[in-house]
file my_file.txt (compact mmCIF, C-alpha atoms)
# COMPACT_ATOMS: atom_id res chain seq x y z
CA MET A 1481 71.77 -112.42 -97.65
CA ARG A 1482 74.42 -109.99 -96.42
CA ARG A 1483 73.61 -107.68 -99.31
CA SER A 1484 69.89 -107.59 -98.49
CA ILE A 1485 70.65 -106.89 -94.80
CA LEU A 1486 72.87 -104.03 -95.90
CA ILE A 1487 70.16 -102.61 -98.18
CA VAL A 1488 67.52 -102.90 -95.43
CA SER A 1489 69.87 -101.17 -92.98
CA MET A 1490 70.50 -98.32 -95.39
CA LEU A 1491 66.77 -97.95 -96.07
CA ILE A 1492 66.06 -97.72 -92.33
CA LEU A 1493 68.74 -95.08 -91.98
CA ILE A 1494 67.32 -93.12 -94.93
CA LEU A 1495 63.82 -93.35 -93.48
CA LEU A 1496 65.16 -92.12 -90.16
CA ALA A 1497 66.84 -89.14 -91.77
CA ALA A 1498 63.62 -87.17 -92.11
CA PRO A 1499 62.45 -87.68 -88.48
CA ILE A 1500 65.94 -86.80 -87.24
CA ALA A 1501 65.81 -83.61 -89.26
CA ALA A 1502 62.34 -82.89 -87.86
CA VAL A 1503 63.55 -83.43 -84.29
CA ARG A 1504 66.43 -81.08 -85.04
CA GLN A 1505 63.94 -78.51 -86.33
CA VAL A 1506 61.90 -78.79 -83.10
CA ALA A 1507 65.06 -78.38 -81.07
CA ALA A 1508 65.92 -75.32 -83.14
CA ASN A 1509 62.47 -73.89 -82.36
CA SER A 1510 62.95 -74.36 -78.65
CA THR A 1511 66.15 -72.31 -78.80
CA PRO A 1512 65.21 -70.09 -81.72
CA ILE A 1513 67.42 -67.89 -83.76
CA THR A 1514 65.71 -64.57 -83.16
CA ALA A 1515 65.85 -61.17 -84.72
CA SER A 1516 64.25 -58.09 -83.26
CA VAL A 1517 61.14 -57.03 -85.17
CA GLN A 1518 61.96 -53.35 -85.14
CA ALA A 1519 60.34 -52.76 -88.52
CA GLU A 1520 56.96 -53.74 -87.19
CA LYS A 1521 57.38 -52.54 -83.66
CA GLY A 1522 59.17 -49.20 -83.86
CA ASN A 1523 61.96 -48.17 -81.52
CA ASP A 1524 60.84 -49.96 -78.39
CA ASP A 1525 58.20 -52.36 -77.17
CA THR A 1526 55.48 -49.73 -76.84
CA LEU A 1527 52.18 -50.12 -78.63
CA TYR A 1528 49.75 -47.17 -78.71
CA LEU A 1529 45.98 -47.33 -78.82
CA ARG A 1530 44.95 -45.31 -81.90
CA ARG A 1531 41.81 -44.51 -83.88
CA PHE A 1532 42.13 -44.47 -87.77
CA GLU A 1533 39.37 -46.34 -89.65
CA TYR A 1534 38.96 -48.73 -86.76
CA ASN A 1535 40.71 -49.12 -83.41
CA ASN A 1536 44.37 -49.75 -84.20
CA LEU A 1537 47.23 -50.79 -81.97
CA THR A 1538 50.34 -49.25 -83.50
CA THR A 1539 53.97 -48.50 -82.80
CA ALA A 1540 53.56 -44.95 -84.08
CA LYS A 1541 52.98 -42.34 -81.37
CA PRO A 1542 49.72 -40.38 -81.45
CA SER A 1543 50.02 -37.30 -83.64
CA GLU A 1544 46.70 -35.63 -82.81
CA GLU A 1545 46.75 -32.92 -80.16
CA LYS A 1546 43.23 -33.72 -78.99
CA ALA A 1547 42.72 -37.20 -77.60
CA GLU A 1548 39.77 -39.42 -78.39
CA ASN A 1549 37.65 -40.35 -75.41
CA ILE A 1550 35.25 -43.08 -74.44
CA THR A 1551 32.39 -42.00 -72.20
CA VAL A 1552 31.19 -44.56 -69.69
CA GLN A 1553 28.06 -43.87 -67.71
CA VAL A 1554 27.87 -44.82 -64.03
CA LYS A 1555 26.56 -48.39 -63.54
CA SER A 1556 27.51 -49.39 -67.07
CA THR A 1557 30.44 -51.22 -68.68
CA THR A 1558 32.21 -50.60 -71.98
CA VAL A 1559 34.53 -53.05 -73.74
CA LYS A 1560 36.77 -51.95 -76.65
CA ARG A 1561 39.40 -53.83 -78.61
CA TRP A 1562 42.43 -52.47 -80.53
CA VAL A 1563 44.19 -54.68 -83.08
CA ASN A 1564 47.73 -54.45 -84.50
CA GLU A 1565 47.70 -54.30 -88.31
CA THR A 1566 50.83 -56.44 -88.73
CA THR A 1567 50.19 -60.11 -89.28
CA VAL A 1568 52.88 -62.25 -87.68
CA PRO A 1569 54.97 -63.44 -90.69
CA ASN A 1570 56.79 -66.47 -89.23
CA THR A 1571 56.78 -66.84 -85.48
CA TRP A 1572 57.19 -64.14 -82.87
CA ILE A 1573 58.62 -64.72 -79.43
CA ILE A 1574 57.67 -62.35 -76.64
CA SER A 1575 60.39 -62.54 -74.01
CA ARG A 1576 59.67 -63.14 -70.34
CA GLY A 1577 58.76 -59.92 -68.60
CA SER A 1578 56.07 -57.59 -67.28
CA TYR A 1579 53.29 -55.88 -69.23
CA ASN A 1580 52.56 -52.26 -68.33
CA PHE A 1581 49.37 -50.56 -69.41
CA THR A 1582 49.19 -46.76 -68.98
CA PHE A 1583 45.97 -44.84 -69.56
CA TRP A 1584 44.37 -41.45 -68.89
CA ILE A 1585 41.02 -40.95 -67.19
CA SER A 1586 38.74 -38.31 -65.66
CA SER A 1587 35.18 -38.10 -64.38
CA SER A 1588 32.28 -35.67 -64.59
CA LYS A 1589 32.51 -34.90 -60.85
CA ASP A 1590 35.36 -34.10 -58.50
CA GLN A 1591 34.37 -36.69 -55.88
CA GLY A 1592 32.30 -39.87 -55.68
CA VAL A 1593 32.84 -41.37 -59.14
CA HIS A 1594 34.96 -44.53 -59.24
CA ALA A 1595 36.30 -46.58 -62.13
CA ASN A 1596 37.27 -50.20 -62.73
CA VAL A 1597 39.70 -50.57 -65.61
CA SER A 1598 41.08 -53.82 -66.92
CA PHE A 1599 43.17 -54.72 -69.92
CA THR A 1600 43.80 -58.00 -71.68
CA PHE A 1601 46.73 -58.32 -74.06
CA GLY A 1602 47.08 -61.25 -76.42
CA TYR A 1603 46.84 -62.37 -80.01
CA ILE A 1604 44.14 -63.31 -82.46
CA THR A 1605 44.88 -66.65 -84.13
CA PRO A 1606 44.40 -67.11 -87.91
CA GLU A 1607 41.12 -68.87 -87.00
CA GLY A 1608 39.95 -65.65 -85.33
CA ARG A 1609 40.23 -66.92 -81.76
CA GLU A 1610 41.48 -64.58 -79.02
CA SER A 1611 44.30 -66.06 -76.98
CA ALA A 1612 45.12 -63.91 -73.96
CA ILE A 1613 48.66 -63.63 -72.58
CA ALA A 1614 48.25 -61.17 -69.71
CA SER A 1615 45.45 -59.32 -68.04
CA GLY A 1616 45.47 -56.62 -65.39
CA PHE A 1617 42.81 -54.92 -63.29
CA ALA A 1618 42.80 -51.73 -61.24
CA ARG A 1619 40.16 -49.81 -59.31
CA ILE A 1620 40.43 -46.02 -59.21
CA ILE A 1621 38.60 -44.46 -56.27
CA ASN A 1622 37.39 -40.86 -56.68
CA VAL A 1623 38.67 -40.33 -60.19
CA GLY A 1624 38.11 -36.55 -60.15
CA ASN A 1625 37.48 -34.10 -62.96
CA SER A 1626 41.13 -33.47 -63.85
CA ILE A 1627 42.69 -35.85 -66.36
CA ILE A 1628 45.03 -38.24 -64.55
CA SER A 1629 47.19 -41.12 -65.72
CA ARG A 1630 47.19 -44.53 -64.13
CA ASN A 1631 49.23 -47.67 -64.66
CA ILE A 1632 48.36 -51.34 -64.43
CA THR A 1633 51.27 -53.74 -64.25
CA THR A 1634 51.68 -57.50 -64.26
CA PRO A 1635 54.36 -59.61 -62.62
CA PRO A 1636 56.89 -61.19 -65.01
CA VAL A 1637 55.03 -63.34 -67.53
CA GLU A 1638 56.68 -66.37 -69.12
CA SER A 1639 58.00 -66.20 -72.69
CA GLN A 1640 55.22 -66.57 -75.28
CA THR A 1641 55.23 -67.97 -78.82
CA ILE A 1642 52.92 -66.40 -81.39
CA GLY A 1643 52.31 -68.40 -84.54
CA SER A 1644 52.30 -67.23 -88.13
CA GLY A 1645 49.16 -65.42 -89.27
CA SER A 1646 48.26 -64.09 -85.80
CA LYS A 1647 47.69 -60.45 -84.82
CA LEU A 1648 48.31 -58.73 -81.48
CA PHE A 1649 45.39 -57.12 -79.68
CA ILE A 1650 44.48 -55.31 -76.49
CA LYS A 1651 41.01 -55.32 -74.99
CA VAL A 1652 40.05 -52.69 -72.43
CA THR A 1653 37.05 -52.97 -70.11
CA ILE A 1654 35.90 -49.85 -68.25
CA SER A 1655 33.07 -49.63 -65.75
CA ALA A 1656 31.98 -46.78 -63.51
CA SER A 1657 30.26 -46.55 -60.16
CA GLY A 1658 28.87 -43.61 -58.19
CA SER A 1659 25.79 -41.45 -58.54
CA SER A 1660 23.47 -41.93 -61.49
CA GLY A 1661 23.98 -39.37 -64.23
CA ASP A 1662 27.74 -39.17 -63.78
CA TYR A 1663 30.38 -40.31 -66.24
CA ILE A 1664 33.93 -41.59 -66.62
CA TYR A 1665 36.03 -40.45 -69.58
CA PHE A 1666 38.78 -42.75 -70.86
CA TYR A 1667 41.32 -40.99 -73.13
CA TYR A 1668 43.58 -42.38 -75.86
CA ASP A 1669 45.36 -41.36 -79.09
CA GLY A 1670 46.36 -37.87 -77.98
CA GLN A 1671 49.81 -36.28 -77.73
CA ALA A 1672 49.24 -35.59 -74.04
CA GLN A 1673 47.26 -38.79 -73.41
CA PRO A 1674 49.11 -41.53 -75.34
CA THR A 1675 47.39 -44.55 -73.81
CA GLN A 1676 49.79 -47.43 -74.35
CA ILE A 1677 50.99 -50.87 -73.44
CA ILE A 1678 54.67 -51.68 -72.95
CA THR A 1679 55.43 -55.33 -73.57
CA PRO A 1680 58.61 -57.35 -73.08
CA GLN A 1681 60.83 -57.52 -76.17
CA ILE A 1682 59.21 -59.11 -79.21
CA SER A 1683 61.52 -61.00 -81.58
CA SER A 1684 60.97 -62.77 -84.86
CA VAL A 1685 62.10 -66.36 -85.30
CA VAL A 1686 64.25 -66.83 -88.40
CA PRO A 1687 63.25 -70.22 -89.86
CA GLU A 1688 66.13 -72.66 -90.11
CA PHE A 1689 66.75 -74.40 -93.45
CA PRO A 1690 66.18 -78.16 -92.98
CA PHE A 1691 69.66 -79.27 -94.07
CA GLY A 1692 69.20 -82.71 -92.51
CA ALA A 1693 66.03 -83.58 -94.39
CA VAL A 1694 67.42 -82.38 -97.74
CA PHE A 1695 71.02 -83.56 -97.65
CA LEU A 1696 71.14 -86.61 -95.38
CA PRO A 1697 69.34 -89.12 -97.68
CA PRO A 1698 71.60 -88.45 -100.72
CA VAL A 1699 74.71 -88.50 -98.50
CA LEU A 1700 73.72 -91.88 -97.05
CA LEU A 1701 72.92 -93.28 -100.50
CA SER A 1702 76.28 -92.08 -101.84
CA ALA A 1703 78.06 -93.65 -98.87
CA TYR A 1704 76.25 -96.91 -99.54
CA PHE A 1705 77.25 -97.01 -103.22
CA ILE A 1706 80.86 -96.05 -102.46
CA LEU A 1707 81.10 -98.78 -99.84
CA LYS A 1708 79.47 -101.28 -102.21
CA ARG A 1709 81.97 -100.49 -105.00
CA ARG A 1710 84.90 -100.85 -102.62
CA THR A 1711 83.55 -104.19 -101.36
CA ILE A 1712 83.24 -105.51 -104.95
CA LYS A 1713 86.77 -104.32 -105.80
CA PHE A 1714 88.15 -105.90 -102.63
CA ARG A 1715 86.46 -109.22 -103.48
CA ALA A 1716 87.74 -109.05 -107.11
CA MET B 1292 79.14 -105.18 -89.95
CA PRO B 1293 75.67 -105.08 -91.65
CA LEU B 1294 74.16 -106.62 -88.54
CA LEU B 1295 75.72 -103.91 -86.41
CA VAL B 1296 74.30 -101.20 -88.70
CA THR B 1297 70.86 -102.82 -88.49
CA ILE B 1298 71.04 -102.93 -84.68
CA ILE B 1299 72.11 -99.27 -84.50
CA ALA B 1300 69.30 -98.25 -86.89
CA LEU B 1301 66.71 -100.16 -84.87
CA ALA B 1302 68.03 -98.67 -81.62
CA ILE B 1303 67.66 -95.14 -83.05
CA ALA B 1304 64.12 -95.94 -84.24
CA LEU B 1305 63.25 -97.29 -80.79
CA ALA B 1306 64.68 -94.20 -79.07
CA LEU B 1307 62.65 -91.90 -81.31
CA ALA B 1308 59.47 -93.89 -80.68
CA ALA B 1309 60.09 -93.75 -76.91
CA ALA B 1310 60.68 -89.99 -77.09
CA SER B 1311 57.37 -89.50 -78.96
CA PHE B 1312 55.54 -91.65 -76.41
CA MET B 1313 57.02 -89.67 -73.49
CA ARG B 1314 55.99 -86.41 -75.19
CA ILE B 1315 52.38 -87.65 -75.55
CA VAL B 1316 52.32 -88.74 -71.88
CA HIS B 1317 53.75 -85.37 -70.83
CA GLN B 1318 51.11 -83.48 -72.86
CA GLY B 1319 48.37 -85.17 -70.92
CA ALA B 1320 49.82 -84.06 -67.60
CA GLY B 1321 47.11 -81.43 -67.09
CA VAL B 1322 46.58 -77.84 -66.14
CA LYS B 1323 48.57 -75.88 -63.58
CA VAL B 1324 47.56 -72.74 -61.68
CA ALA B 1325 50.28 -70.84 -59.86
CA HIS B 1326 49.09 -68.07 -57.55
CA LEU B 1327 51.03 -64.88 -57.02
CA ARG B 1328 51.06 -62.15 -54.42
CA ILE B 1329 53.69 -59.43 -54.72
CA LYS B 1330 54.16 -56.07 -53.03
CA VAL B 1331 55.86 -53.32 -55.05
CA ALA B 1332 56.20 -50.15 -52.92
CA ASP B 1333 52.60 -49.49 -51.74
CA LEU B 1334 51.02 -51.51 -54.57
CA TRP B 1335 49.87 -55.10 -54.19
CA ILE B 1336 49.76 -57.36 -57.23
CA VAL B 1337 47.59 -60.42 -56.68
CA GLY B 1338 46.72 -62.98 -59.32
CA PHE B 1339 47.65 -66.23 -60.98
CA THR B 1340 49.34 -67.86 -63.97
CA LEU B 1341 47.50 -70.61 -65.82
CA LYS B 1342 49.42 -73.11 -67.91
CA SER B 1343 48.35 -76.20 -69.79
CA HIS B 1344 50.04 -78.75 -72.03
CA THR B 1345 46.89 -78.98 -74.14
CA GLY B 1346 44.80 -76.20 -75.68
CA GLY B 1347 41.50 -75.36 -74.04
CA PHE B 1348 39.05 -72.80 -72.74
CA TYR B 1349 39.22 -71.37 -69.24
CA ARG B 1350 37.20 -68.97 -67.14
CA TYR B 1351 38.19 -66.97 -64.09
CA SER B 1352 36.52 -64.66 -61.64
CA MET B 1353 37.90 -62.17 -59.16
CA THR B 1354 35.99 -60.43 -56.37
CA HIS B 1355 37.30 -58.09 -53.72
CA ASN B 1356 35.78 -55.89 -51.07
CA SER B 1357 37.28 -52.45 -51.34
CA SER B 1358 36.42 -49.54 -49.07
CA ILE B 1359 33.54 -48.57 -51.37
CA GLY B 1360 31.99 -51.97 -51.85
CA LEU B 1361 32.28 -55.26 -53.64
CA VAL B 1362 34.10 -55.34 -56.98
CA SER B 1363 33.90 -58.31 -59.29
CA TYR B 1364 35.36 -59.18 -62.66
CA SER B 1365 35.27 -62.32 -64.75
CA ASP B 1366 36.38 -63.32 -68.21
CA THR B 1367 36.91 -66.33 -70.42
CA GLY B 1368 39.77 -67.19 -72.74
CA TYR B 1369 41.60 -69.81 -74.74
CA ILE B 1370 45.09 -71.05 -73.99
CA GLU B 1371 47.44 -72.33 -76.68
CA PRO B 1372 50.39 -74.44 -75.46
CA PRO B 1373 53.20 -73.75 -74.77
CA ASN B 1374 51.86 -70.31 -73.83
CA SER B 1375 50.41 -69.26 -70.51
CA PHE B 1376 47.92 -66.72 -69.20
CA THR B 1377 48.69 -64.37 -66.31
CA TYR B 1378 46.11 -62.34 -64.42
CA ALA B 1379 47.17 -59.48 -62.14
CA LEU B 1380 44.96 -57.44 -59.86
CA ASN B 1381 46.57 -54.12 -58.82
CA ILE B 1382 45.33 -52.87 -55.45
CA LYS B 1383 46.37 -50.28 -52.89
CA PRO B 1384 44.67 -50.87 -49.53
CA GLU B 1385 43.95 -47.88 -47.32
CA PRO B 1386 45.79 -47.77 -43.97
CA ASN B 1387 44.30 -50.35 -41.54
CA GLU B 1388 42.09 -51.75 -44.31
CA THR B 1389 42.00 -55.49 -45.04
CA ILE B 1390 40.90 -56.45 -48.53
CA LEU B 1391 39.65 -59.97 -49.18
CA VAL B 1392 40.38 -61.09 -52.72
CA ASN B 1393 38.72 -64.26 -53.98
CA ILE B 1394 39.96 -65.84 -57.21
CA LYS B 1395 38.36 -68.83 -58.95
CA VAL B 1396 39.63 -70.58 -62.07
CA TRP B 1397 37.68 -73.02 -64.25
CA TRP B 1398 39.09 -75.27 -66.97
CA GLY B 1399 36.21 -75.87 -69.33
CA GLU B 1400 33.25 -76.32 -66.97
CA GLN B 1401 35.29 -77.64 -64.06
CA LEU B 1402 36.33 -75.44 -61.15
CA ILE B 1403 40.01 -76.29 -60.75
CA ASP B 1404 41.21 -73.68 -58.29
CA GLU B 1405 39.96 -71.22 -55.68
CA VAL B 1406 41.99 -69.08 -53.35
CA ASN B 1407 41.41 -66.23 -50.87
CA HIS B 1408 44.00 -63.52 -50.26
CA TYR B 1409 43.82 -61.14 -47.30
CA ILE B 1410 45.64 -57.96 -48.27
CA ARG B 1411 46.68 -55.29 -45.77
CA ALA B 1412 48.62 -52.11 -46.50
CA ASP B 1413 51.13 -52.81 -43.72
CA ASP B 1414 51.73 -56.48 -44.65
CA GLU B 1415 55.04 -57.43 -46.19

call {"tool": "encode", "arguments": {"input": "my_file.txt", "output": "structure tokens"}}
result
Amino acid sequence: MRRSILIVSMLILILLAAPIAAVRQVAANSTPITASVQAEKGNDDTLYLRRFEYNNLTTAKPSEEKAENITVQVKSTTVKRWVNETTVPNTWIISRGSYNFTFWISSSKDQGVHANVSFTFGYITPEGRESAIASGFARIINVGNSIISRNITTPPVESQTIGSGSKLFIKVTISASGSSGDYIYFYYDGQAQPTQIITPQISSVVPEFPFGAVFLPPVLLSAYFILKRRTIKFRA
Amino acid sequence: MPLLVTIIALAIALALAAASFMRIVHQGAGVKVAHLRIKVADLWIVGFTLKSHTGGFYRYSMTHNSSIGLVSYSDTGYIEPPNSFTYALNIKPEPNETILVNIKVWWGEQLIDEVNHYIRADDE
């Protein structure tokens, strides 16, 4: 009877070893061991809107002297999306902080053409779903025909967790108002117009080896057999 | 001694089950919208942060009356816990101008929050 109780107890403990290890893993995720993802992100947390084969969001600064531009006619709206080529390998943590979007803009007329610019920064899940983290909106009154830079900022945003297989993106929406026949020009990917987003620090989570799940069951079994042998010897 | 081990094992199992149950209850706690209104130099940042313990689709709209007319913007999105979504409108009112900003937030099809902000350049 006592032996069977002992065996049952040990089995319960062994069965509990895996959940305990899992709980430990969750706890480890909540206070992750992080490493800066400099290789993917360059020297700081700046991502540039580039052109290449499709609209890329890269850490490399624009190399072209002449910027690309998007022409938006008055009373119309244009939406464009730029995607980072790097797929999140494990998990990325974006620290708490503000997001700053800087862009360059001009209009076809000196006065009377206004622009609404908004950005949405987030990640595309492996299933292809856009999950937004932060969005900002600004209205520029009388844009003017000289190229000017503007900034949209957010208040501090909570820390974000981006799962494996996701990709960062930025979506920009531009609309213009004023007299018919006028235009807004939105510039990016130029040495003098490096339209960009500065994010809080992005770190990579280093996965923890599940020592508990692997080693605890054999340790408990060994302890059981050692105790059993000692009990038999003691009785003998 | 074996009885004590059994009791300890059962107590641990019970504690783990209770923790799982509490986590499930906590997940169903719902969606939270926290509004924000900050002044940085002459710039006003008005918006909200949306947070939910469960994944889901949301929609929001923003309208404001600037000196050149009504401006509106709306968008939809998906939120993945434990992450949040923050929206920030950047505005600079003209001297003596009052800008009314209306923000509405829907969770799925349900309107869960609506707020009006009155923004003046000389407000603190």

call {"tool": "residues_around", "arguments": {"input": "my_file.txt", "residues": "stretch 1657-1669 of chain A", "least_positions_apart": "2", "cutoff": "10 Å", "atoms": "all atoms listed in the file", "output": "ChimeraX atom specification"}}
result
/A:1528-1532,1536,1541-1557,1582-1589,1591-1597,1621-1625,1627-1629,1654-1655,1671-1676 /B:1359

call {"tool": "closest_atom_pairs", "arguments": {"input": "my_file.txt", "of": "chain A", "to": "chain B", "cutoff": "6 Å", "atoms": "only C-alpha atoms", "output": "Markdown table"}}
result
| residue | atom | partner | partner_atom | distance |
| --- | --- | --- | --- | --- |
| A:Leu1486 | CA | B:Pro1293 | CA | 5.2 |
| A:Ser1489 | CA | B:Thr1297 | CA | 4.9 |
| A:Ser1611 | CA | B:Tyr1369 | CA | 5.1 |
| A:Ile1613 | CA | B:Phe1376 | CA | 4.6 |
| A:Ala1614 | CA | B:Thr1377 | CA | 4.7 |
| A:Ser1615 | CA | B:Tyr1378 | CA | 4.8 |
| A:Gly1616 | CA | B:Ala1379 | CA | 4.7 |
| A:Phe1617 | CA | B:Leu1380 | CA | 4.8 |
| A:Ala1618 | CA | B:Asn1381 | CA | 5.1 |
| A:Thr1634 | CA | B:Ala1379 | CA | 5.4 |
| A:Gln1640 | CA | B:Asn1374 | CA | 5.2 |

call {"tool": "residues_around", "arguments": {"input": "my_file.txt", "residues": "B:Pro1384", "least_positions_apart": "6", "cutoff": "10 Å", "atoms": "only C-alpha atoms", "output": "ChimeraX atom specification"}}
result
/B:1333-1335,1357-1358,1390,1410-1413

call {"tool": "atom_distance", "arguments": {"input": "my_file.txt", "atom1": "atom CA of B:Asp1404", "atom2": "atom CA of B:Ala1325"}}
result
9.6 Å

call {"tool": "residues_around", "arguments": {"input": "my_file.txt", "residues": "A:Gly1608", "least_positions_apart": "3", "cutoff": "9 Å", "atoms": "only C-alpha atoms", "output": "ChimeraX atom specification"}}
result
/A:1604-1605,1646
